[in-house]
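What follows is the content of protein11.cif (mmCIF, C-alpha atoms (C1' of nucleotides)).
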data_my_file
#
loop_
_atom_site.label_atom_id
_atom_site.label_comp_id
_atom_site.auth_asym_id
_atom_site.auth_seq_id
_atom_site.Cartn_x
_atom_site.Cartn_y
_atom_site.Cartn_z
CA MET A 1 88.14 115.53 74.85
CA ASN A 2 91.60 115.30 76.38
CA ILE A 3 92.50 113.97 79.81
CA GLY A 4 92.13 117.23 81.68
CA GLN A 5 88.62 117.78 80.42
CA ALA A 6 87.70 114.16 81.06
CA ALA A 7 89.06 114.59 84.56
CA SER A 8 86.89 117.57 85.41
CA ALA A 9 83.90 116.01 83.69
CA SER A 10 84.24 112.85 85.76
CA GLY A 11 85.41 114.22 89.08
CA LEU A 12 88.68 112.30 88.97
CA THR A 13 92.14 113.78 88.47
CA ALA A 14 94.29 113.21 85.40
CA LYS A 15 96.74 111.37 87.64
CA MET A 16 94.03 109.01 88.80
CA ILE A 17 92.82 108.32 85.28
CA ARG A 18 96.35 107.39 84.18
CA TYR A 19 96.76 105.29 87.30
CA TYR A 20 93.50 103.39 86.68
CA GLU A 21 94.54 102.81 83.10
CA GLN A 22 97.87 101.47 84.25
CA MET A 23 96.16 99.23 86.81
CA LYS A 24 93.98 97.88 83.98
CA LEU A 25 90.82 99.07 85.66
CA ILE A 26 89.86 100.97 82.53
CA ILE A 27 90.58 100.30 78.87
CA PRO A 28 93.51 102.37 77.52
CA ALA A 29 92.25 105.57 75.92
CA HIS A 30 92.58 106.29 72.23
CA ARG A 31 95.51 108.50 71.34
CA THR A 32 95.97 111.40 68.92
CA GLU A 33 98.95 111.49 66.55
CA SER A 34 100.89 113.32 69.23
CA SER A 35 99.93 110.60 71.73
CA TYR A 36 97.47 112.68 73.69
CA ARG A 37 94.76 110.53 75.28
CA THR A 38 91.25 111.29 73.98
CA TYR A 39 87.97 110.50 75.69
CA SER A 40 84.46 110.13 74.29
CA ASP A 41 81.27 110.81 76.24
CA SER A 42 80.98 107.07 76.69
CA ASP A 43 84.48 106.94 78.17
CA VAL A 44 83.53 109.69 80.57
CA ASN A 45 80.53 107.65 81.66
CA THR A 46 82.93 104.87 82.60
CA LEU A 47 85.09 107.32 84.50
CA ARG A 48 82.08 108.61 86.38
CA PHE A 49 81.12 105.05 87.22
CA VAL A 50 84.61 104.55 88.62
CA ARG A 51 84.46 107.73 90.61
CA ARG A 52 81.16 106.79 92.22
CA ALA A 53 82.40 103.33 93.12
CA ARG A 54 85.58 104.85 94.52
CA ASP A 55 83.54 107.36 96.53
CA LEU A 56 81.75 104.42 98.06
CA GLY A 57 85.07 103.03 99.24
CA PHE A 58 85.54 100.18 96.79
CA SER A 59 89.11 99.12 96.11
CA VAL A 60 90.54 99.02 92.60
CA GLU A 61 90.23 95.23 92.63
CA GLN A 62 86.58 95.42 93.64
CA MET A 63 85.96 98.04 90.98
CA LYS A 64 87.42 95.68 88.37
CA SER A 65 84.74 93.17 89.27
CA LEU A 66 82.03 95.80 89.32
CA ILE A 67 82.98 97.15 85.90
CA ALA A 68 83.08 93.65 84.46
CA LEU A 69 79.58 93.07 85.82
CA TRP A 70 78.45 96.44 84.54
CA ARG A 71 79.55 95.56 81.03
CA ASP A 72 78.05 92.09 81.25
CA ARG A 73 74.45 92.36 80.05
CA SER A 74 73.74 88.86 81.35
CA ARG A 75 75.14 89.40 84.82
CA ALA A 76 73.25 88.10 87.83
CA SER A 77 72.25 90.92 90.15
CA GLY A 78 73.10 88.58 93.03
CA ASP A 79 76.77 88.79 92.06
CA VAL A 80 76.71 92.55 92.37
CA LYS A 81 74.74 92.43 95.59
CA SER A 82 77.19 90.04 97.24
CA ILE A 83 80.11 92.35 96.47
CA ALA A 84 78.14 95.28 97.85
CA LEU A 85 77.09 93.43 101.00
CA GLU A 86 80.59 92.25 101.69
CA HIS A 87 81.81 95.79 101.30
CA ILE A 88 79.12 97.10 103.63
CA ALA A 89 80.22 94.58 106.24
CA GLU A 90 83.82 95.73 105.88
CA LEU A 91 82.80 99.36 106.21
CA GLU A 92 80.82 98.55 109.33
CA ARG A 93 83.83 96.88 110.91
CA LYS A 94 85.91 99.96 110.20
CA ALA A 95 83.22 102.23 111.58
CA ALA A 96 82.99 100.15 114.75
CA SER A 97 86.75 100.32 115.21
CA ILE A 98 86.75 104.09 114.80
CA HIS A 99 83.82 104.49 117.17
CA ALA A 100 85.66 102.45 119.79
CA MET A 101 88.62 104.83 119.47
CA ILE A 102 86.37 107.88 119.71
CA HIS A 103 84.63 106.44 122.76
CA THR A 104 87.86 105.80 124.63
CA LEU A 105 89.36 109.14 123.69
CA LYS A 106 86.27 111.09 124.67
CA HIS A 107 86.20 109.30 127.98
CA LEU A 108 89.81 110.29 128.64
CA ALA A 109 89.34 113.82 127.34
CA THR A 110 86.33 114.63 129.48
CA HIS A 111 88.37 113.89 132.58
CA CYS A 112 91.16 116.21 131.52
CA HIS A 113 90.77 119.78 132.70
CA GLY A 114 92.95 120.98 129.82
CA ASP A 115 94.73 123.90 131.42
CA GLU A 116 98.36 124.65 132.31
CA ARG A 117 98.55 122.09 135.08
CA PRO A 118 100.61 119.04 134.16
CA ASP A 119 98.18 116.53 135.63
CA CYS A 120 96.57 114.82 132.62
CA PRO A 121 94.26 111.80 132.62
CA ILE A 122 94.77 111.33 128.89
CA ILE A 123 98.50 110.81 129.17
CA ASP A 124 98.00 108.77 132.33
CA GLY A 125 95.51 106.65 130.44
CA PHE A 126 98.05 105.89 127.76
CA ALA A 127 100.73 105.10 130.31
CA SER A 128 98.71 102.55 132.29
CA ALA A 129 96.11 99.96 131.44
CA THR A 130 92.75 101.39 130.37
CA ALA A 131 89.62 100.14 128.69
CA THR A 132 91.64 100.30 125.49
CA ASP A 133 93.34 97.06 126.33
CA ASP A 134 90.05 95.28 126.29
CA ALA A 135 88.22 97.40 123.75
CA LEU A 136 90.39 96.33 120.86
CA PRO A 137 91.18 92.78 119.78
CA PRO A 138 94.77 91.51 119.66
CA ILE A 139 96.95 93.39 117.25
CA ASN A 140 97.15 90.63 114.66
CA ALA A 141 93.44 89.95 114.60
CA ARG A 142 92.58 93.45 113.47
CA PHE A 143 91.46 94.68 110.08
CA GLY A 144 92.85 97.50 108.03
CA LEU A 145 91.65 100.53 106.17
CA ASN A 146 94.51 99.96 103.73
CA GLY A 147 94.50 103.12 101.80
CA MET A 148 90.75 103.16 101.47
CA LYS A 149 89.55 106.55 100.41
CA THR A 150 87.38 107.99 103.11
CA ASP A 151 88.58 111.21 101.57
CA MET B 1 114.88 91.23 127.86
CA ASN B 2 115.45 90.97 124.13
CA ILE B 3 113.23 92.34 121.39
CA GLY B 4 110.97 89.30 121.05
CA GLN B 5 110.12 89.32 124.73
CA ALA B 6 109.64 93.09 124.73
CA ALA B 7 107.33 92.65 121.76
CA SER B 8 105.06 90.16 123.46
CA ALA B 9 105.17 92.13 126.71
CA SER B 10 104.07 95.30 124.93
CA GLY B 11 101.69 93.97 122.32
CA LEU B 12 103.79 95.27 119.45
CA THR B 13 105.80 93.15 117.01
CA ALA B 14 109.59 93.11 116.83
CA LYS B 15 109.30 94.64 113.38
CA MET B 16 107.25 97.52 114.70
CA ILE B 17 109.68 98.19 117.53
CA ARG B 18 112.59 98.40 115.10
CA TYR B 19 110.50 100.60 112.83
CA TYR B 20 109.58 103.00 115.65
CA GLU B 21 113.23 103.16 116.66
CA GLN B 22 114.21 103.97 113.09
CA MET B 23 111.49 106.64 112.89
CA LYS B 24 112.91 108.16 116.09
CA LEU B 25 109.66 107.65 117.93
CA ILE B 26 111.50 105.74 120.65
CA ILE B 27 115.03 106.02 121.95
CA PRO B 28 117.41 103.40 120.46
CA ALA B 29 117.61 100.37 122.73
CA HIS B 30 120.80 99.36 124.53
CA ARG B 31 122.73 96.62 122.81
CA THR B 32 124.57 93.54 124.03
CA GLU B 33 128.13 92.80 122.82
CA SER B 34 126.61 90.84 119.95
CA SER B 35 124.39 93.85 119.12
CA TYR B 36 121.17 92.33 120.35
CA ARG B 37 118.73 95.00 121.53
CA THR B 38 117.88 94.80 125.24
CA TYR B 39 114.85 96.26 126.98
CA SER B 40 114.23 97.16 130.62
CA ASP B 41 110.83 97.19 132.29
CA SER B 42 110.84 100.93 131.86
CA ASP B 43 111.46 100.55 128.14
CA VAL B 44 108.53 98.17 127.96
CA ASN B 45 106.35 100.80 129.62
CA THR B 46 107.21 103.16 126.81
CA LEU B 47 106.38 100.48 124.25
CA ARG B 48 103.05 99.87 125.92
CA PHE B 49 102.36 103.60 125.85
CA VAL B 50 103.07 103.58 122.13
CA ARG B 51 100.84 100.61 121.53
CA ARG B 52 97.90 102.21 123.31
CA ALA B 53 98.29 105.46 121.41
CA ARG B 54 98.54 103.52 118.16
CA ASP B 55 95.43 101.53 119.04
CA LEU B 56 93.63 104.85 119.40
CA GLY B 57 94.58 105.73 115.86
CA PHE B 58 97.33 108.27 116.48
CA SER B 59 99.93 108.61 113.74
CA VAL B 60 103.64 108.22 114.41
CA GLU B 61 104.03 112.00 114.25
CA GLN B 62 101.27 112.54 116.77
CA MET B 63 102.79 109.88 119.01
CA LYS B 64 106.09 111.75 118.93
CA SER B 65 104.32 114.77 120.39
CA LEU B 66 102.46 112.67 122.93
CA ILE B 67 105.62 110.94 124.13
CA ALA B 68 107.40 114.27 124.42
CA LEU B 69 104.53 115.54 126.56
CA TRP B 70 104.50 112.33 128.56
CA ARG B 71 108.17 112.77 129.44
CA ASP B 72 107.72 116.46 130.18
CA ARG B 73 106.87 116.76 133.87
CA SER B 74 105.91 120.41 133.38
CA ARG B 75 103.62 119.84 130.42
CA ALA B 76 100.30 121.64 130.26
CA SER B 77 97.40 119.19 130.16
CA GLY B 78 95.78 121.54 127.66
CA ASP B 79 98.46 120.66 125.13
CA VAL B 80 97.62 116.98 125.42
CA LYS B 81 93.91 117.66 125.33
CA SER B 82 94.15 119.72 122.16
CA ILE B 83 95.97 116.91 120.36
CA ALA B 84 93.34 114.46 121.58
CA LEU B 85 90.43 116.69 120.58
CA GLU B 86 91.84 117.30 117.16
CA HIS B 87 92.26 113.59 116.71
CA ILE B 88 88.70 112.94 117.86
CA ALA B 89 87.47 115.45 115.29
CA GLU B 90 89.46 113.69 112.58
CA LEU B 91 88.07 110.31 113.61
CA GLU B 92 84.56 111.69 113.55
CA ARG B 93 85.04 113.01 110.02
CA LYS B 94 86.23 109.58 108.94
CA ALA B 95 83.31 107.89 110.68
CA ALA B 96 80.85 110.27 109.02
CA SER B 97 82.37 109.54 105.63
CA ILE B 98 82.11 105.80 106.18
CA HIS B 99 78.55 106.10 107.42
CA ALA B 100 77.63 108.06 104.30
CA MET B 101 79.05 105.24 102.18
CA ILE B 102 77.17 102.61 104.18
CA HIS B 103 73.97 104.59 103.90
CA THR B 104 74.16 104.91 100.13
CA LEU B 105 75.20 101.30 99.63
CA LYS B 106 72.45 99.96 101.85
CA HIS B 107 69.94 102.07 100.00
CA LEU B 108 71.11 100.62 96.70
CA ALA B 109 71.35 97.08 98.04
CA THR B 110 67.84 96.98 99.47
CA HIS B 111 66.43 97.73 96.05
CA CYS B 112 68.38 94.91 94.44
CA HIS B 113 66.58 91.59 94.40
CA GLY B 114 69.90 89.78 94.19
CA ASP B 115 68.99 86.80 92.05
CA GLU B 116 70.01 85.63 88.57
CA ARG B 117 68.19 88.39 86.74
CA PRO B 118 70.56 90.99 85.27
CA ASP B 119 68.52 94.00 86.36
CA CYS B 120 70.52 95.56 89.19
CA PRO B 121 69.82 98.88 90.92
CA ILE B 122 73.29 98.89 92.48
CA ILE B 123 75.10 98.87 89.16
CA ASP B 124 72.55 101.29 87.73
CA GLY B 125 73.16 103.56 90.68
CA PHE B 126 76.88 103.64 89.93
CA ALA B 127 76.27 104.28 86.26
CA SER B 128 74.01 107.29 86.71
CA ALA B 129 73.77 110.13 89.18
CA THR B 130 72.63 109.08 92.64
CA ALA B 131 72.57 110.54 96.11
CA THR B 132 76.29 109.80 96.14
CA ASP B 133 77.02 112.81 94.03
CA ASP B 134 75.55 115.06 96.64
CA ALA B 135 76.42 113.04 99.71
CA LEU B 136 80.13 113.49 99.31
CA PRO B 137 82.01 116.77 98.96
CA PRO B 138 84.24 117.46 95.93
CA ILE B 139 87.11 115.07 95.61
CA ASN B 140 89.77 117.54 96.64
CA ALA B 141 87.94 118.73 99.70
CA ARG B 142 87.93 115.30 101.24
CA PHE B 143 90.07 113.88 104.01
CA GLY B 144 92.06 110.70 104.11
CA LEU B 145 92.60 107.76 106.35
CA ASN B 146 96.20 107.66 105.19
CA GLY B 147 97.43 104.42 106.58
CA MET B 148 95.69 104.91 109.88
CA LYS B 149 95.38 101.68 111.72
CA THR B 150 91.79 100.80 112.28
CA ASP B 151 93.20 97.31 112.32
"C1'" DT C 1 131.45 68.52 120.91
"C1'" DA C 2 128.56 69.00 117.09
"C1'" DT C 3 124.46 70.21 115.52
"C1'" DT C 4 119.90 71.71 115.43
"C1'" DG C 5 116.47 75.17 116.09
"C1'" DA C 6 115.06 79.44 117.71
"C1'" DC C 7 116.53 83.62 118.27
"C1'" DC C 8 118.69 87.97 116.62
"C1'" DT C 9 120.95 91.43 113.04
"C1'" DT C 10 120.70 94.47 108.69
"C1'" DC C 11 118.93 95.43 104.29
"C1'" DC C 12 115.84 95.36 100.33
"C1'" DA C 13 111.32 95.07 98.25
"C1'" DG C 14 106.51 95.54 98.27
"C1'" DT C 15 101.80 97.11 99.74
"C1'" DA C 16 97.23 101.01 98.16
"C1'" DG C 17 96.26 104.84 95.87
"C1'" DG C 18 97.77 108.01 94.35
"C1'" DG C 19 100.68 113.19 94.72
"C1'" DG C 20 104.64 116.04 93.26
"C1'" DG C 21 107.59 117.42 90.12
"C1'" DA C 22 111.18 117.07 86.33
"C1'" DA C 23 112.18 116.99 81.37
"C1'" DG C 24 110.44 117.63 77.17
"C1'" DG C 25 106.78 117.88 73.30
"C1'" DA C 26 102.06 120.00 71.67
"C1'" DT C 27 98.59 123.33 71.40
"C1'" DT C 28 96.56 127.66 71.97
"C1'" DA C 29 96.19 132.62 73.00
"C1'" DT C 30 97.91 136.94 72.54
"C1'" DA D 1 106.72 135.02 67.80
"C1'" DT D 2 106.31 133.84 72.11
"C1'" DA D 3 104.36 132.79 76.39
"C1'" DA D 4 101.07 130.12 78.87
"C1'" DT D 5 98.96 126.09 79.36
"C1'" DC D 6 98.28 121.77 78.15
"C1'" DC D 7 100.06 116.93 77.49
"C1'" DT D 8 103.59 112.85 77.75
"C1'" DT D 9 106.59 109.51 80.53
"C1'" DC D 10 109.47 108.82 84.40
"C1'" DC D 11 110.72 108.25 88.97
"C1'" DC D 12 110.53 109.27 93.84
"C1'" DC D 13 107.59 110.31 97.97
"C1'" DC D 14 103.95 109.25 101.40
"C1'" DT D 15 101.94 105.79 105.82
"C1'" DA D 16 102.92 102.16 108.70
"C1'" DC D 17 104.28 98.66 108.39
"C1'" DT D 18 105.14 93.11 106.61
"C1'" DG D 19 107.92 89.52 104.44
"C1'" DG D 20 111.98 87.54 103.31
"C1'" DA D 21 116.98 86.83 102.37
"C1'" DA D 22 121.62 86.32 104.19
"C1'" DG D 23 124.02 85.78 107.99
"C1'" DG D 24 125.42 85.96 113.26
"C1'" DT D 25 124.22 84.07 118.19
"C1'" DC D 26 122.54 81.40 121.92
"C1'" DA D 27 120.55 77.38 124.47
"C1'" DA D 28 119.49 72.61 124.51
"C1'" DT D 29 120.13 68.18 123.07
"C1'" DA D 30 122.55 63.75 121.04
#

Just give me the structure of the file as structure tokens.
Amino acid sequence: MNIGQAASASGLTAKMIRYYEQMKLIIPAHRTESSYRTYSDSDVNTLRFVRRARDLGFSVEQMKSLIALWRDRSRASGDVKSIALEHIAELERKAASIHAMIHTLKHLATHCHGDERPDCPIIDGFASATATDDALPPINARFGLNGMKTD
Amino acid sequence: MNIGQAASASGLTAKMIRYYEQMKLIIPAHRTESSYRTYSDSDVNTLRFVRRARDLGFSVEQMKSLIALWRDRSRASGDVKSIALEHIAELERKAASIHAMIHTLKHLATHCHGDERPDCPIIDGFASATATDDALPPINARFGLNGMKTD
DNA sequence: TATTGACCTTCCAGTAGGGGGAAGGATTAT
DNA sequence: ATAATCCTTCCCCCTACTGGAAGGTCAATA
């Protein structure tokens, strides 16, 4: 199986598979004489594992740990659980931040009649102090989504 | 007022102010003879406007539109509202995606005893088909957070 | 006055997680 | 035979910044 077929079988793209190989998340694929990458069914299982972890928002670094634990027959399930719980906590922080934005925006939007008149509570809300100032912590104390795939 | 003072007055950093100037989000600041940037109270108002919009998750491109509308005395409030509503919809998609991740992860985590035994439903869930496969749409149909600051 | 320290300037590099596309070789279908 | 579709590596692009180097400037102190 070449990279394109492995890609559609796993739900990743060929670009992603090469990227993960380069990042040392996955073991370099075997090559044909003409240096085409080849994938076995077992390799595709690994790729599917990666895709599922990625779909759950794990970073490449986190996935490295998860794959190492996956391959380790003597792993402690507590190690896996702690990674998962930490990730859940991070996701919940992100969700809370997004909900705070939605809340403020909806509040502003419901007071905007949204016609041709220039009077606009949304713009006015941005231009003067609103709940936003208090709703979000200081700029440097915040946490980032950092390229996380909520795709 | 120089850039450091404008930064603390607005809640941005000096780096961000220079970046926004470079990106043409804000008008280049006046300079002293020794090419220090100087900011008036009015300039700081603009910076505060930018910070609030940023805190609500708007991208630099969206903020360009919002600032243009802010400065346009004859703007239609409907134009502002449509930008805001579109942004709310985007935020809600992101939130739904994150909640789906949390849901799946919590489901897996509650079935993991989390001790020294190697048996781990979380890892097993990644390795074989789970609700994840159905919970998320195909990889190319997804939407991204793309550097958005949920910081 | 000299010097220190806290500013400021520009520029370059790097981040995460890839996407896009060029240049060129390989394989496959007609 | 030839065209279409793969594959390879390579490098640049994206967002929204942050960090740091090299160097100029300004205010206070010894």

Next item on the list: For C1' of DA3 in chain D and CA of Ile3 in chain A, determine how far apart the two atoms are, in Å to one decimal place.
Entry: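 Calculated distance between C1' of DA3 in chain D and CA of Ile3 in chain A is 22.5 Å.
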
Which residues of range 76-107 of chain A come within 10 Å of range 60-66 of chain A, and what is each one's closest atom pair and distance in Å (one decimal), counting all atoms listed in the file, sorted by chain and residue number, as CSV?
residue,atom,partner,partner_atom,distance
A:Asp79,CA,A:Leu66,CA,9.2
A:Val80,CA,A:Leu66,CA,6.9
A:Ile83,CA,A:Gln62,CA,7.7
A:Ala84,CA,A:Leu66,CA,9.4
A:His87,CA,A:Gln62,CA,9.0

Can you write out the residues you just picked, keeping C-alpha atoms, as a PDB file, in the frame of the given file?
ATOM      1  CA  ASP A  79      76.770  88.790  92.060  1.00  0.00           C
ATOM      2  CA  VAL A  80      76.710  92.550  92.370  1.00  0.00           C
ATOM      3  CA  ILE A  83      80.110  92.350  96.470  1.00  0.00           C
ATOM      4  CA  ALA A  84      78.140  95.280  97.850  1.00  0.00           C
ATOM      5  CA  HIS A  87      81.810  95.790 101.300  1.00  0.00           C
TER       6      HIS A  87
END

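Every chain B residue lying within 9 Å of chain C, based on all atoms listed in the file, is listed here: Asn2, Ile3, Gly4, Ser34, Ser35, Tyr36 and Arg37 of chain B.
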
Output file for the residues above (C-alpha atoms, as an mmCIF file, in the coordinates of the input):
data_model
loop_
_atom_site.group_PDB
_atom_site.id
_atom_site.type_symbol
_atom_site.label_atom_id
_atom_site.label_comp_id
_atom_site.auth_asym_id
_atom_site.auth_seq_id
_atom_site.Cartn_x
_atom_site.Cartn_y
_atom_site.Cartn_z
ATOM 1 C CA ASN B 2 115.450 90.970 124.130
ATOM 2 C CA ILE B 3 113.230 92.340 121.390
ATOM 3 C CA GLY B 4 110.970 89.300 121.050
ATOM 4 C CA SER B 34 126.610 90.840 119.950
ATOM 5 C CA SER B 35 124.390 93.850 119.120
ATOM 6 C CA TYR B 36 121.170 92.330 120.350
ATOM 7 C CA ARG B 37 118.730 95.000 121.530
#

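With distances restricted to only C-alpha atoms, A:Ile88 is the closest residue to Met101 in chain B from A:Ile88, A:Ile123, A:Leu47, A:Ala9.
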
Would you mind listing what lies within 12 Å of Arg73 in chain A as an mmCIF file with C-alpha atoms, keeping the file's coordinate frame, with all atoms listed in the file counted and same-chain residues fewer than 6 positions away left out?
data_model
loop_
_atom_site.group_PDB
_atom_site.id
_atom_site.type_symbol
_atom_site.label_atom_id
_atom_site.label_comp_id
_atom_site.auth_asym_id
_atom_site.auth_seq_id
_atom_site.Cartn_x
_atom_site.Cartn_y
_atom_site.Cartn_z
ATOM 1 C CA ILE A 67 82.980 97.150 85.900
ATOM 2 C CA GLU B 116 70.010 85.630 88.570
ATOM 3 C CA ARG B 117 68.190 88.390 86.740
ATOM 4 C CA PRO B 118 70.560 90.990 85.270
ATOM 5 C CA ASP B 119 68.520 94.000 86.360
ATOM 6 C CA CYS B 120 70.520 95.560 89.190
ATOM 7 C CA ILE B 123 75.100 98.870 89.160
ATOM 8 C CA ASP B 124 72.550 101.290 87.730
#

Next item on the list: Apply the PyMOL selection byres ((chain D) within 9 of (chain A)) to the structure shown and report the selected residues as a list in words.
Entry: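 The output of the PyMOL selection byres ((chain D) within 9 of (chain A)) on this file is DC6, DC7, DT8 and DT15 of chain D.
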
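One finds CA of Asp55 in chain B at 20.4 Å from CA of Ser97 in chain B.
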
After superposing chain A onto chain B (least squares, all C-alpha atoms, pairing by order), export the transformed chain as a short mmCIF file (atom, residue, chain, number, x, y, z; two decimals) with C-alpha atoms, in the coordinates of the input.
data_model
loop_
_atom_site.label_atom_id
_atom_site.label_comp_id
_atom_site.auth_asym_id
_atom_site.auth_seq_id
_atom_site.Cartn_x
_atom_site.Cartn_y
_atom_site.Cartn_z
CA MET A 1 114.66 91.09 127.57
CA ASN A 2 115.22 90.88 123.83
CA ILE A 3 113.02 92.33 121.11
CA GLY A 4 110.74 89.34 120.71
CA GLN A 5 109.88 89.27 124.39
CA ALA A 6 109.44 93.03 124.48
CA ALA A 7 107.14 92.68 121.50
CA SER A 8 104.83 90.18 123.13
CA ALA A 9 104.96 92.06 126.42
CA SER A 10 103.91 95.28 124.73
CA GLY A 11 101.51 94.03 122.09
CA LEU A 12 103.61 95.37 119.23
CA THR A 13 105.59 93.31 116.74
CA ALA A 14 109.38 93.26 116.53
CA LYS A 15 109.07 94.86 113.10
CA MET A 16 107.06 97.72 114.53
CA ILE A 17 109.49 98.30 117.38
CA ARG A 18 112.40 98.54 114.92
CA TYR A 19 110.33 100.80 112.71
CA TYR A 20 109.45 103.15 115.60
CA GLU A 21 113.09 103.25 116.59
CA GLN A 22 114.07 104.12 113.06
CA MET A 23 111.39 106.82 112.91
CA LYS A 24 112.84 108.26 116.13
CA LEU A 25 109.60 107.75 117.99
CA ILE A 26 111.43 105.77 120.65
CA ILE A 27 114.98 106.00 121.95
CA PRO A 28 117.31 103.37 120.42
CA ALA A 29 117.49 100.30 122.63
CA HIS A 30 120.64 99.22 124.40
CA ARG A 31 122.56 96.50 122.63
CA THR A 32 124.37 93.37 123.81
CA GLU A 33 127.89 92.59 122.60
CA SER A 34 126.36 90.70 119.70
CA SER A 35 124.20 93.75 118.91
CA TYR A 36 120.94 92.27 120.11
CA ARG A 37 118.54 94.96 121.33
CA THR A 38 117.69 94.67 125.04
CA TYR A 39 114.67 96.13 126.80
CA SER A 40 114.08 96.95 130.46
CA ASP A 41 110.67 96.96 132.15
CA SER A 42 110.74 100.73 131.80
CA ASP A 43 111.34 100.41 128.06
CA VAL A 44 108.39 98.06 127.82
CA ASN A 45 106.24 100.65 129.56
CA THR A 46 107.14 103.07 126.79
CA LEU A 47 106.28 100.47 124.18
CA ARG A 48 102.93 99.85 125.81
CA PHE A 49 102.29 103.58 125.84
CA VAL A 50 103.02 103.62 122.11
CA ARG A 51 100.76 100.69 121.47
CA ARG A 52 97.84 102.29 123.28
CA ALA A 53 98.28 105.56 121.44
CA ARG A 54 98.52 103.67 118.16
CA ASP A 55 95.38 101.71 119.02
CA LEU A 56 93.63 105.02 119.43
CA GLY A 57 94.58 105.94 115.88
CA PHE A 58 97.34 108.46 116.54
CA SER A 59 99.93 108.86 113.81
CA VAL A 60 103.64 108.43 114.49
CA GLU A 61 104.05 112.21 114.38
CA GLN A 62 101.28 112.70 116.92
CA MET A 63 102.77 110.00 119.11
CA LYS A 64 106.09 111.86 119.07
CA SER A 65 104.34 114.84 120.60
CA LEU A 66 102.47 112.70 123.09
CA ILE A 67 105.62 110.93 124.26
CA ALA A 68 107.44 114.23 124.62
CA LEU A 69 104.57 115.49 126.77
CA TRP A 70 104.52 112.25 128.72
CA ARG A 71 108.18 112.64 129.60
CA ASP A 72 107.76 116.32 130.42
CA ARG A 73 106.85 116.53 134.11
CA SER A 74 105.95 120.20 133.68
CA ARG A 75 103.68 119.74 130.69
CA ALA A 76 100.38 121.58 130.54
CA SER A 77 97.46 119.17 130.39
CA GLY A 78 95.86 121.57 127.91
CA ASP A 79 98.55 120.68 125.38
CA VAL A 80 97.66 117.02 125.61
CA LYS A 81 93.95 117.74 125.52
CA SER A 82 94.22 119.83 122.36
CA ILE A 83 96.02 117.01 120.54
CA ALA A 84 93.37 114.57 121.72
CA LEU A 85 90.48 116.83 120.74
CA GLU A 86 91.91 117.48 117.32
CA HIS A 87 92.31 113.76 116.84
CA ILE A 88 88.75 113.11 117.96
CA ALA A 89 87.53 115.63 115.40
CA GLU A 90 89.52 113.88 112.68
CA LEU A 91 88.14 110.51 113.70
CA GLU A 92 84.62 111.89 113.61
CA ARG A 93 85.12 113.18 110.08
CA LYS A 94 86.31 109.75 109.00
CA ALA A 95 83.39 108.08 110.73
CA ALA A 96 80.94 110.43 109.02
CA SER A 97 82.49 109.69 105.64
CA ILE A 98 82.23 105.95 106.21
CA HIS A 99 78.66 106.23 107.43
CA ALA A 100 77.74 108.16 104.29
CA MET A 101 79.17 105.31 102.20
CA ILE A 102 77.31 102.70 104.24
CA HIS A 103 74.08 104.66 103.93
CA THR A 104 74.29 104.92 100.16
CA LEU A 105 75.33 101.31 99.71
CA LYS A 106 72.59 99.98 101.96
CA HIS A 107 70.06 102.03 100.07
CA LEU A 108 71.23 100.53 96.78
CA ALA A 109 71.52 97.02 98.20
CA THR A 110 68.02 96.90 99.65
CA HIS A 111 66.60 97.56 96.21
CA CYS A 112 68.58 94.73 94.65
CA HIS A 113 66.82 91.38 94.68
CA GLY A 114 70.18 89.61 94.51
CA ASP A 115 69.30 86.58 92.43
CA GLU A 116 70.32 85.33 88.98
CA ARG A 117 68.50 88.05 87.09
CA PRO A 118 70.83 90.63 85.58
CA ASP A 119 68.73 93.62 86.59
CA CYS A 120 70.69 95.31 89.40
CA PRO A 121 69.97 98.65 91.05
CA ILE A 122 73.44 98.72 92.59
CA ILE A 123 75.22 98.64 89.26
CA ASP A 124 72.64 101.00 87.79
CA GLY A 125 73.26 103.33 90.70
CA PHE A 126 76.95 103.43 89.94
CA ALA A 127 76.33 103.99 86.25
CA SER A 128 74.03 106.99 86.64
CA ALA A 129 73.80 109.89 89.04
CA THR A 130 72.72 108.94 92.56
CA ALA A 131 72.70 110.54 95.98
CA THR A 132 76.41 109.78 96.02
CA ASP A 133 77.10 112.76 93.84
CA ASP A 134 75.71 115.04 96.45
CA ALA A 135 76.55 113.04 99.55
CA LEU A 136 80.27 113.49 99.18
CA PRO A 137 82.15 116.76 98.77
CA PRO A 138 84.32 117.42 95.71
CA ILE A 139 87.18 115.01 95.35
CA ASN A 140 89.90 117.47 96.32
CA ALA A 141 88.13 118.74 99.40
CA ARG A 142 88.07 115.34 101.05
CA PHE A 143 90.14 114.03 103.93
CA GLY A 144 92.13 110.85 104.12
CA LEU A 145 92.59 107.91 106.41
CA ASN A 146 96.22 107.80 105.27
CA GLY A 147 97.33 104.53 106.61
CA MET A 148 95.65 105.08 109.93
CA LYS A 149 95.38 101.85 111.82
CA THR A 150 91.75 101.02 112.33
CA ASP A 151 93.16 97.53 112.45
#

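CA of His99 in chain A lies 7.3 Å from CA of Ala95 in chain B.
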
Margin query: If the PyMOL selection byres ((chain B and resi 107) around 12) were run on this exact file, what residues would it hold? Put them as a PyMOL selection string.
Written below: (chain A and resi 81+84-85+88) or (chain B and resi 100-106+108-112+121-122+125+130-132)

Check: For chain B, which of A:Thr32, A:Thr13, A:Ser59, A:Thr38 is the closest residue, counting all atoms listed in the file?
Finding: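 Checking each candidate against chain B, we get A:Thr13 as the closest.
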
Margin query: Calculated over only C-alpha atoms, which of the candidates A:Arg93, A:Arg71, A:Lys15, A:Arg52 has the smallest distance to chain B?
Written below: A:Arg52
